[in-house]
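See structure below.
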Amino acid sequence: MAQVTLDAVRKIYPNGVEAVTPASFTIEDGEFVVLVGPSGCGKSTLLRMIAGLEEISEGDLSIGDRIVNDLDPADRDIAMVFQNYALYPHMTVRKNIGYGLKNRKTPKDVIEAKVQEAAAILNLTEYLDRKPAQLSGGQRQRVAMGRAIVRDPALFLFDEPLSNLDAKLRNQMRIEIKALQRRLGVTSIYVTHDQVEAMTMADRIIVLNGGKIEQIGTPSEIYHDPASTFVASFMGAPPMNLLAAEMIDRVLVFAGLSVPIWTTARGPVQLGIRPEDLRLDPEGPLQMEVDLVEELGAHRLLHGHIDDQRLTVHLSEDTPVQTGPMRLSCRVDNLCLFDPETGRRLVTALPDAAESPVEAQSETAW
Amino acid sequence: MADITSKFTRSRSLPRVKWSQVVDHAILIAGALFMIVPLLMVLQTTTTSDIETMRHGPSLMIGTELDDNFRKAMFEASGFSGENSGMSMLMNSLILGIGFAVGKIVIGMMAAYAIVYFRLRFATMAFWLIFTTLLLPLEVRILPSYEITQKLGLLNTYTGLIVPLIASATATFFFRQFFRSVPEELVEAARIDGAGPVKFFIDVLVPLSQTMIAAMFIIMFVYGWNQYLWPTMVTTEESMYTLVRGIKQIVQVLEGNEIPQYGRANMLAIIAVIPPVAVVIFFQSWFVKGLTDSDK
């Protein structure tokens, strides 16, 4: 169990490509941190540097109170679960789980006891003498977990461990992994490109894009206070609506509305609204043309446009909807503004009461 | 309707001979005969006495001399020194075949391991250099090879018989291709599990390569067993003769006025055929099992 600290850790490949720009953060003891981002964003590289499978070009990495830059993976006191499980195909489950202990010259009876214990935790006891080829995907994943937990490491690393499983199993394993981590209390770093996994499992999320850290925060912070348009559109399904708007004299002008908002920006801005923050309101100030209704059982998604800007609305209440014009409203404090050039979030504040909804200012200008 | 009638006519015409099938079978049978008849002829001559063979040539008659010929072939020495009975030649051939196959597999695997798993400078170039040696078979380099072997005092030794032939581009190539297909994560998992290069090789790579090793063993054993030129060059003592070489030698010895010992020579030929066939049959079943298990 340990704290993990990255101090300006950077990765440059020999061909000059910078895969990870200097990254600094600290992961607390027992914390479950998820690295999330699209493919090629450097999340796996970062994880592999922490694991010691990839060299660190610059910066310091410490696990516990020692700097581990130059240590072999085996000496870093870590365990890793791979996407394709990476089980040794010719070994039985028992040997797979015990292999790391065997290499550390653990006495046989201790290995056996620990393997039994790990197998009991993971419901693998009856499969101990099978080979990986005779197991289902979920069971193989559990064996890979067993191989990790049997060593009592200071740090668990997960490299997209669920992406080879089908959707149903993925949901189940997600809960199992999270529960197991809670129970063992081991610091964990989990890499995924799936924002649902990131949201549901993480204590803290680190969003990466193009080798850079976009934002670090709790799932709720990441979701409700995205630091950039990238985070806003990457996290959440459907993603945040991003609309072109303009700031004129401390007033946000969008689709015929003017909303007074305090911000430093002038001129064009991007306006972000989460689909579920929009609601149907016959008196609402926004007029949306609905093109398509997606029925998802528990909720519905309305896809449409305002002027020529695409928009999605998430409806959970059971009101009848059809395509065609529809009026919407939204609370002003749910609006996010971004710089259209850099994509960074603009600091905003409401001029007076935070509770003033958009409709208060409806149909004032234009 | 049309469908039903066509089915009906087809079922009625079923006894009709399909000519394409007849032709197929004729070709297959001809091929099988072409392969097996010479062997049967050899087998037949081992059952009759040499005089009989001399007088009538190969025939359909099965004689009673099988035991006698087998005894002569296996246990009676031929040649001048009297040290090369069938038994000793069989032994030499086995040592050559197994030593050759095992040596090639070990060297090939280790070379491929170095090329695939270690960041060596010029690893690719080294590989292609090894690969181009396929264009330089033993016959091309036989004089220098012989000279070195001779200077090292390895003539008439098993070492001299086996070691100069052991470096193998073929085996290195096949193992390289195989190792490259082993998932990268397996190496990484092993590193995290604390397995060093040697442990990874022995604990993971060798067991994974079982089927490849079996395939290589078949090819290399037969190849080594059938070596003729090199054993002829490096062994001059009759006690070191291999079977393939010994058969020829019997015919040479008996070119005088005596009746050639057909029965004995042919018996040796049969004995020389059996081990490669046995290896193929034994490893093939193993090979298929390994493939269908789809462990990897």
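Here, A, B, ... name the chains of the structure tokens in the order displayed, residue numbers run from 1 inside each chain, and ligands are numbered from 1 in the same displayed order.
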How close does each residue of chain A get to chain B, giving the shortest atom pair and distance in Å to one decimal for every residue with an atom at most 10 Å away, counting only C-alpha atoms, sorted by chain and residue number, as a tab-separated table?
```
residue	atom	partner	partner_atom	distance
A:Arg48	CA	B:Glu188	CA	9.7
A:Ala51	CA	B:Ile192	CA	8.0
A:Gly52	CA	B:Ile192	CA	8.6
A:Leu53	CA	B:Glu188	CA	6.9
A:Asp72	CA	B:Arg191	CA	8.0
A:Pro73	CA	B:Ile192	CA	5.0
A:Ala74	CA	B:Ile192	CA	4.6
A:Asp75	CA	B:Gly194	CA	7.7
A:Arg76	CA	B:Ile192	CA	8.6
A:Asp77	CA	B:Ile192	CA	8.8
A:Ile78	CA	B:Ile192	CA	7.5
A:Ala79	CA	B:Ile192	CA	6.7
A:Met80	CA	B:Ile192	CA	7.4
A:Val81	CA	B:Ala189	CA	8.3
A:Phe82	CA	B:Glu185	CA	7.1
A:Gln83	CA	B:Glu185	CA	8.7
A:Asn84	CA	B:Glu185	CA	7.7
A:Tyr85	CA	B:Glu185	CA	8.1
A:Ala86	CA	B:Leu186	CA	5.0
A:Leu87	CA	B:Leu186	CA	7.0
A:Tyr88	CA	B:Val204	CA	7.0
A:Pro89	CA	B:Asp295	CA	5.5
A:His90	CA	B:Leu208	CA	6.6
A:Met91	CA	B:Val204	CA	8.8
A:Asn96	CA	B:Asp193	CA	9.9
A:Ile97	CA	B:Asp193	CA	9.8
A:Gly98	CA	B:Asp193	CA	9.4
A:Tyr99	CA	B:Asp193	CA	6.8
A:Gly100	CA	B:Asp193	CA	4.2
A:Leu101	CA	B:Asp193	CA	7.7
A:Lys102	CA	B:Asp193	CA	9.0
A:Asn103	CA	B:Gly194	CA	5.9
A:Arg104	CA	B:Gly194	CA	7.0
A:Lys131	CA	B:Asp295	CA	8.4
A:Pro132	CA	B:Asp295	CA	7.9
A:Ala133	CA	B:Asp295	CA	5.9
A:Gln134	CA	B:Asp295	CA	9.2
A:Ala144	CA	B:Ala189	CA	9.8
A:Arg147	CA	B:Asp193	CA	8.7
A:Ala148	CA	B:Asp193	CA	9.1
A:Arg151	CA	B:Asp193	CA	9.2
```
Mind writing the picked residues with C-alpha atoms as a tab-separated table (two decimals), in the first residue's frame?
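So the final result, stored in selection08.tsv, reads:
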```
chain	number	residue	atom	x	y	z
A	48	ARG	CA	3.55	1.29	-18.69
A	51	ALA	CA	4.88	-0.40	-14.40
A	52	GLY	CA	8.47	-0.16	-15.60
A	53	LEU	CA	7.75	-1.71	-18.98
A	72	ASP	CA	12.88	-3.51	-12.77
A	73	PRO	CA	9.13	-4.10	-12.95
A	74	ALA	CA	9.58	-7.06	-10.65
A	75	ASP	CA	11.19	-4.90	-7.96
A	76	ARG	CA	8.60	-2.12	-7.97
A	77	ASP	CA	6.13	-4.02	-5.83
A	78	ILE	CA	3.36	-3.73	-8.39
A	79	ALA	CA	0.99	-6.11	-10.14
A	80	MET	CA	-0.57	-5.59	-13.51
A	81	VAL	CA	-3.68	-6.90	-15.24
A	82	PHE	CA	-3.51	-6.86	-19.03
A	83	GLN	CA	-6.20	-6.37	-21.62
A	84	ASN	CA	-5.75	-9.80	-23.18
A	85	TYR	CA	-5.15	-11.34	-19.72
A	86	ALA	CA	-1.64	-12.50	-20.69
A	87	LEU	CA	-2.07	-15.79	-18.87
A	88	TYR	CA	0.58	-18.43	-19.45
A	89	PRO	CA	-1.37	-20.81	-21.70
A	90	HIS	CA	0.54	-23.94	-20.77
A	91	MET	CA	0.16	-23.52	-17.02
A	96	ASN	CA	-0.48	-19.07	-13.28
A	97	ILE	CA	-1.47	-17.48	-9.99
A	98	GLY	CA	1.53	-18.82	-8.13
A	99	TYR	CA	4.19	-18.11	-10.77
A	100	GLY	CA	5.17	-14.70	-9.43
A	101	LEU	CA	5.53	-16.08	-5.91
A	102	LYS	CA	7.54	-19.03	-7.17
A	103	ASN	CA	9.98	-16.67	-8.87
A	104	ARG	CA	10.40	-14.87	-5.57
A	131	LYS	CA	-5.75	-24.47	-18.22
A	132	PRO	CA	-6.69	-20.95	-19.35
A	133	ALA	CA	-8.01	-22.31	-22.67
A	134	GLN	CA	-10.72	-24.18	-20.75
A	144	ALA	CA	-5.41	-12.43	-14.13
A	147	ARG	CA	-2.20	-13.33	-10.25
A	148	ALA	CA	-2.18	-9.70	-9.18
A	151	ARG	CA	1.42	-11.03	-4.35
```
Fill in: 12 Å contact set for Ser136 in chain A, only C-alpha atoms, chain neighbours under 2 positions out, as an MDAnalysis selection string
chainID A and resid 85 124 127 130:134 138:143 164:166 169
Fill in: Nearest candidate to Pro164 in chain B (options B:Leu39, B:Val182, B:Ile274, B:Leu96; using only C-alpha atoms)
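The shortest atom-to-atom distance to Pro164 in chain B comes from B:Leu96.
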Fill in: Close residues, range 177-180 of chain A itself excluded, 9 Å, only C-alpha atoms, min 3 positions apart in chain, as a PyMOL selection string
chain A and resi 32+121-122+145+172-174+183-185+200-202
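For the residues B:Leu134, B:Arg119, B:Phe100, B:Val273, ranking by smallest atom-to-atom distance to Met216 in chain B using only C-alpha atoms places B:Phe100 first.
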Item to complete: Take CA of Thr46 in chain B and CA of Val277 in chain B and report the distance between them in Å, one decimal.
Response: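 A separation of 19.0 Å between them.
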Worksheet item: Which residues, written as an NGL selection string, have at least one atom at most 7 Å from Asp203 in chain A, with only C-alpha atoms counted and residues fewer than 6 positions away on the same chain left out?
Response: :A and (31-33 or 218)
Worksheet item: What are the DSSP alpha helix (DSSP H) residues of range 124-269 of chain A, as an MDAnalysis selection string?
Response: chainID A and resid 137:149 167:184 195:201 219:224 229:234
Worksheet item: Looking at only C-alpha atoms, which of A:Leu135, A:Ala198, A:Leu346, A:Ile111 is the one that sits closest to Gln270 in chain A?
Response: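 Once distances to Gln270 in chain A are computed over only C-alpha atoms, the minimum belongs to A:Leu346.
With CA of Val231 in chain A on one side and CA of Thr45 in chain A on the other, the separation reads 19.8 Å.
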Practice prompt. One decimal, Å: what's the distance from CA of Arg274 in chain A over to CA of Ile205 in chain A, could you say?
Written response: 18.9 Å
Give the strand (DSSP E or B) residues of range 179-226 of chain A, as assigned by DSSP on the backbone, as a PDB file with all heavy atoms, in the first residue's frame.
```
ATOM      1  N   THR A 187      -3.849   0.714  -3.529  1.00  0.00           N
ATOM      2  CA  THR A 187      -3.798   1.817  -4.487  1.00  0.00           C
ATOM      3  C   THR A 187      -3.876   1.246  -5.898  1.00  0.00           C
ATOM      4  O   THR A 187      -3.179   0.278  -6.206  1.00  0.00           O
ATOM      5  CB  THR A 187      -2.474   2.579  -4.336  1.00  0.00           C
ATOM      6  OG1 THR A 187      -2.226   2.779  -2.954  1.00  0.00           O
ATOM      7  CG2 THR A 187      -2.512   3.898  -5.060  1.00  0.00           C
ATOM      8  N   SER A 188      -4.713   1.826  -6.753  1.00  0.00           N
ATOM      9  CA  SER A 188      -4.891   1.246  -8.083  1.00  0.00           C
ATOM     10  C   SER A 188      -4.910   2.321  -9.158  1.00  0.00           C
ATOM     11  O   SER A 188      -5.452   3.402  -8.956  1.00  0.00           O
ATOM     12  CB  SER A 188      -6.213   0.476  -8.165  1.00  0.00           C
ATOM     13  OG  SER A 188      -6.258  -0.519  -7.182  1.00  0.00           O
ATOM     14  N   ILE A 189      -4.316   1.980 -10.285  1.00  0.00           N
ATOM     15  CA  ILE A 189      -4.387   2.854 -11.459  1.00  0.00           C
ATOM     16  C   ILE A 189      -4.993   2.028 -12.581  1.00  0.00           C
ATOM     17  O   ILE A 189      -4.547   0.911 -12.856  1.00  0.00           O
ATOM     18  CB  ILE A 189      -2.994   3.370 -11.868  1.00  0.00           C
ATOM     19  CG1 ILE A 189      -2.334   4.067 -10.690  1.00  0.00           C
ATOM     20  CG2 ILE A 189      -3.115   4.323 -13.052  1.00  0.00           C
ATOM     21  CD1 ILE A 189      -0.940   4.547 -10.971  1.00  0.00           C
ATOM     22  N   TYR A 190      -6.004   2.579 -13.183  1.00  0.00           N
ATOM     23  CA  TYR A 190      -6.806   1.826 -14.142  1.00  0.00           C
ATOM     24  C   TYR A 190      -6.890   2.629 -15.434  1.00  0.00           C
ATOM     25  O   TYR A 190      -7.283   3.791 -15.418  1.00  0.00           O
ATOM     26  CB  TYR A 190      -8.191   1.650 -13.516  1.00  0.00           C
ATOM     27  CG  TYR A 190      -9.162   0.765 -14.236  1.00  0.00           C
ATOM     28  CD1 TYR A 190      -9.461  -0.499 -13.749  1.00  0.00           C
ATOM     29  CD2 TYR A 190      -9.819   1.204 -15.375  1.00  0.00           C
ATOM     30  CE1 TYR A 190     -10.382  -1.307 -14.386  1.00  0.00           C
ATOM     31  CE2 TYR A 190     -10.740   0.389 -16.027  1.00  0.00           C
ATOM     32  CZ  TYR A 190     -11.022  -0.859 -15.516  1.00  0.00           C
ATOM     33  OH  TYR A 190     -11.932  -1.664 -16.151  1.00  0.00           O
ATOM     34  N   VAL A 191      -6.498   1.993 -16.535  1.00  0.00           N
ATOM     35  CA  VAL A 191      -6.533   2.693 -17.816  1.00  0.00           C
ATOM     36  C   VAL A 191      -7.735   2.207 -18.617  1.00  0.00           C
ATOM     37  O   VAL A 191      -7.982   1.005 -18.697  1.00  0.00           O
ATOM     38  CB  VAL A 191      -5.236   2.431 -18.612  1.00  0.00           C
ATOM     39  CG1 VAL A 191      -5.452   2.693 -20.090  1.00  0.00           C
ATOM     40  CG2 VAL A 191      -4.119   3.298 -18.088  1.00  0.00           C
ATOM     41  N   THR A 192      -8.481   3.120 -19.180  1.00  0.00           N
ATOM     42  CA  THR A 192      -9.604   2.716 -20.018  1.00  0.00           C
ATOM     43  C   THR A 192      -9.903   3.814 -21.029  1.00  0.00           C
ATOM     44  O   THR A 192      -9.512   4.959 -20.841  1.00  0.00           O
ATOM     45  CB  THR A 192     -10.853   2.418 -19.179  1.00  0.00           C
ATOM     46  OG1 THR A 192     -11.891   1.988 -20.038  1.00  0.00           O
ATOM     47  CG2 THR A 192     -11.314   3.646 -18.411  1.00  0.00           C
ATOM     48  N   ARG A 204     -10.868   9.156  -8.418  1.00  0.00           N
ATOM     49  CA  ARG A 204     -10.485  10.331  -9.165  1.00  0.00           C
ATOM     50  C   ARG A 204     -10.191   9.942 -10.598  1.00  0.00           C
ATOM     51  O   ARG A 204      -9.650   8.864 -10.845  1.00  0.00           O
ATOM     52  CB  ARG A 204      -9.239  10.988  -8.537  1.00  0.00           C
ATOM     53  CG  ARG A 204      -9.618  12.196  -7.683  1.00  0.00           C
ATOM     54  CD  ARG A 204      -8.429  13.038  -7.334  1.00  0.00           C
ATOM     55  NE  ARG A 204      -7.280  12.255  -6.900  1.00  0.00           N
ATOM     56  CZ  ARG A 204      -6.046  12.752  -6.918  1.00  0.00           C
ATOM     57  NH1 ARG A 204      -5.813  13.984  -7.328  1.00  0.00           N
ATOM     58  NH2 ARG A 204      -5.028  12.007  -6.500  1.00  0.00           N
ATOM     59  N   ILE A 205     -10.528  10.836 -11.506  1.00  0.00           N
ATOM     60  CA  ILE A 205     -10.300  10.560 -12.922  1.00  0.00           C
ATOM     61  C   ILE A 205      -9.206  11.499 -13.424  1.00  0.00           C
ATOM     62  O   ILE A 205      -9.173  12.672 -13.039  1.00  0.00           O
ATOM     63  CB  ILE A 205     -11.589  10.791 -13.749  1.00  0.00           C
ATOM     64  CG1 ILE A 205     -12.657   9.794 -13.341  1.00  0.00           C
ATOM     65  CG2 ILE A 205     -11.316  10.696 -15.245  1.00  0.00           C
ATOM     66  CD1 ILE A 205     -13.982   9.995 -14.063  1.00  0.00           C
ATOM     67  N   ILE A 206      -8.323  10.963 -14.274  1.00  0.00           N
ATOM     68  CA  ILE A 206      -7.359  11.814 -14.965  1.00  0.00           C
ATOM     69  C   ILE A 206      -7.677  11.705 -16.451  1.00  0.00           C
ATOM     70  O   ILE A 206      -7.585  10.623 -17.028  1.00  0.00           O
ATOM     71  CB  ILE A 206      -5.914  11.370 -14.680  1.00  0.00           C
ATOM     72  CG1 ILE A 206      -5.623  11.515 -13.185  1.00  0.00           C
ATOM     73  CG2 ILE A 206      -4.927  12.175 -15.525  1.00  0.00           C
ATOM     74  CD1 ILE A 206      -4.271  11.015 -12.772  1.00  0.00           C
ATOM     75  N   VAL A 207      -8.097  12.829 -17.047  1.00  0.00           N
ATOM     76  CA  VAL A 207      -8.444  12.798 -18.468  1.00  0.00           C
ATOM     77  C   VAL A 207      -7.221  13.239 -19.267  1.00  0.00           C
ATOM     78  O   VAL A 207      -6.631  14.284 -18.998  1.00  0.00           O
ATOM     79  CB  VAL A 207      -9.629  13.730 -18.785  1.00  0.00           C
ATOM     80  CG1 VAL A 207     -10.036  13.577 -20.249  1.00  0.00           C
ATOM     81  CG2 VAL A 207     -10.799  13.429 -17.875  1.00  0.00           C
ATOM     82  N   LEU A 208      -6.846  12.401 -20.227  1.00  0.00           N
ATOM     83  CA  LEU A 208      -5.674  12.688 -21.050  1.00  0.00           C
ATOM     84  C   LEU A 208      -6.086  12.908 -22.488  1.00  0.00           C
ATOM     85  O   LEU A 208      -7.021  12.281 -22.982  1.00  0.00           O
ATOM     86  CB  LEU A 208      -4.705  11.503 -20.999  1.00  0.00           C
ATOM     87  CG  LEU A 208      -3.939  11.312 -19.712  1.00  0.00           C
ATOM     88  CD1 LEU A 208      -3.576   9.861 -19.552  1.00  0.00           C
ATOM     89  CD2 LEU A 208      -2.696  12.164 -19.705  1.00  0.00           C
ATOM     90  N   ASN A 209      -5.370  13.809 -23.146  1.00  0.00           N
ATOM     91  CA  ASN A 209      -5.599  14.001 -24.577  1.00  0.00           C
ATOM     92  C   ASN A 209      -4.285  14.411 -25.222  1.00  0.00           C
ATOM     93  O   ASN A 209      -3.644  15.352 -24.780  1.00  0.00           O
ATOM     94  CB  ASN A 209      -6.667  15.084 -24.789  1.00  0.00           C
ATOM     95  CG  ASN A 209      -6.972  15.268 -26.262  1.00  0.00           C
ATOM     96  OD1 ASN A 209      -6.884  14.315 -27.039  1.00  0.00           O
ATOM     97  ND2 ASN A 209      -7.313  16.475 -26.634  1.00  0.00           N
ATOM     98  N   LYS A 212      -1.300  15.006 -23.046  1.00  0.00           N
ATOM     99  CA  LYS A 212      -1.394  16.038 -22.004  1.00  0.00           C
ATOM    100  C   LYS A 212      -2.530  15.715 -21.050  1.00  0.00           C
ATOM    101  O   LYS A 212      -3.547  15.164 -21.443  1.00  0.00           O
ATOM    102  CB  LYS A 212      -1.681  17.406 -22.652  1.00  0.00           C
ATOM    103  CG  LYS A 212      -0.445  18.175 -23.036  1.00  0.00           C
ATOM    104  CD  LYS A 212      -0.728  19.676 -23.049  1.00  0.00           C
ATOM    105  CE  LYS A 212      -1.666  20.099 -24.160  1.00  0.00           C
ATOM    106  NZ  LYS A 212      -1.000  20.090 -25.473  1.00  0.00           N
ATOM    107  N   ILE A 213      -2.343  16.098 -19.789  1.00  0.00           N
ATOM    108  CA  ILE A 213      -3.430  15.938 -18.828  1.00  0.00           C
ATOM    109  C   ILE A 213      -4.411  17.084 -19.029  1.00  0.00           C
ATOM    110  O   ILE A 213      -4.037  18.253 -18.941  1.00  0.00           O
ATOM    111  CB  ILE A 213      -2.886  15.936 -17.388  1.00  0.00           C
ATOM    112  CG1 ILE A 213      -2.009  14.708 -17.173  1.00  0.00           C
ATOM    113  CG2 ILE A 213      -4.030  15.959 -16.386  1.00  0.00           C
ATOM    114  CD1 ILE A 213      -1.415  14.616 -15.807  1.00  0.00           C
ATOM    115  N   GLU A 214      -5.658  16.754 -19.321  1.00  0.00           N
ATOM    116  CA  GLU A 214      -6.669  17.783 -19.534  1.00  0.00           C
ATOM    117  C   GLU A 214      -7.280  18.203 -18.208  1.00  0.00           C
ATOM    118  O   GLU A 214      -7.559  19.363 -17.983  1.00  0.00           O
ATOM    119  CB  GLU A 214      -7.780  17.269 -20.453  1.00  0.00           C
ATOM    120  CG  GLU A 214      -7.360  17.085 -21.896  1.00  0.00           C
ATOM    121  CD  GLU A 214      -7.498  18.358 -22.721  1.00  0.00           C
ATOM    122  OE1 GLU A 214      -8.260  19.249 -22.314  1.00  0.00           O
ATOM    123  OE2 GLU A 214      -6.842  18.458 -23.776  1.00  0.00           O
ATOM    124  N   GLN A 215      -7.534  17.227 -17.377  1.00  0.00           N
ATOM    125  CA  GLN A 215      -8.181  17.529 -16.104  1.00  0.00           C
ATOM    126  C   GLN A 215      -8.001  16.379 -15.132  1.00  0.00           C
ATOM    127  O   GLN A 215      -7.965  15.218 -15.526  1.00  0.00           O
ATOM    128  CB  GLN A 215      -9.685  17.767 -16.328  1.00  0.00           C
ATOM    129  CG  GLN A 215     -10.384  18.330 -15.106  1.00  0.00           C
ATOM    130  CD  GLN A 215     -11.834  18.682 -15.389  1.00  0.00           C
ATOM    131  OE1 GLN A 215     -12.325  18.475 -16.489  1.00  0.00           O
ATOM    132  NE2 GLN A 215     -12.514  19.236 -14.388  1.00  0.00           N
ATOM    133  N   ILE A 216      -7.869  16.723 -13.854  1.00  0.00           N
ATOM    134  CA  ILE A 216      -7.845  15.716 -12.797  1.00  0.00           C
ATOM    135  C   ILE A 216      -8.961  16.076 -11.832  1.00  0.00           C
ATOM    136  O   ILE A 216      -9.048  17.231 -11.395  1.00  0.00           O
ATOM    137  CB  ILE A 216      -6.504  15.714 -12.038  1.00  0.00           C
ATOM    138  CG1 ILE A 216      -5.341  15.476 -13.015  1.00  0.00           C
ATOM    139  CG2 ILE A 216      -6.504  14.663 -10.941  1.00  0.00           C
ATOM    140  CD1 ILE A 216      -3.976  15.481 -12.361  1.00  0.00           C
ATOM    141  N   GLY A 217      -9.791  15.114 -11.520  1.00  0.00           N
ATOM    142  CA  GLY A 217     -10.865  15.443 -10.582  1.00  0.00           C
ATOM    143  C   GLY A 217     -11.726  14.244 -10.275  1.00  0.00           C
ATOM    144  O   GLY A 217     -11.563  13.182 -10.881  1.00  0.00           O
TER     145      GLY A 217
END
```
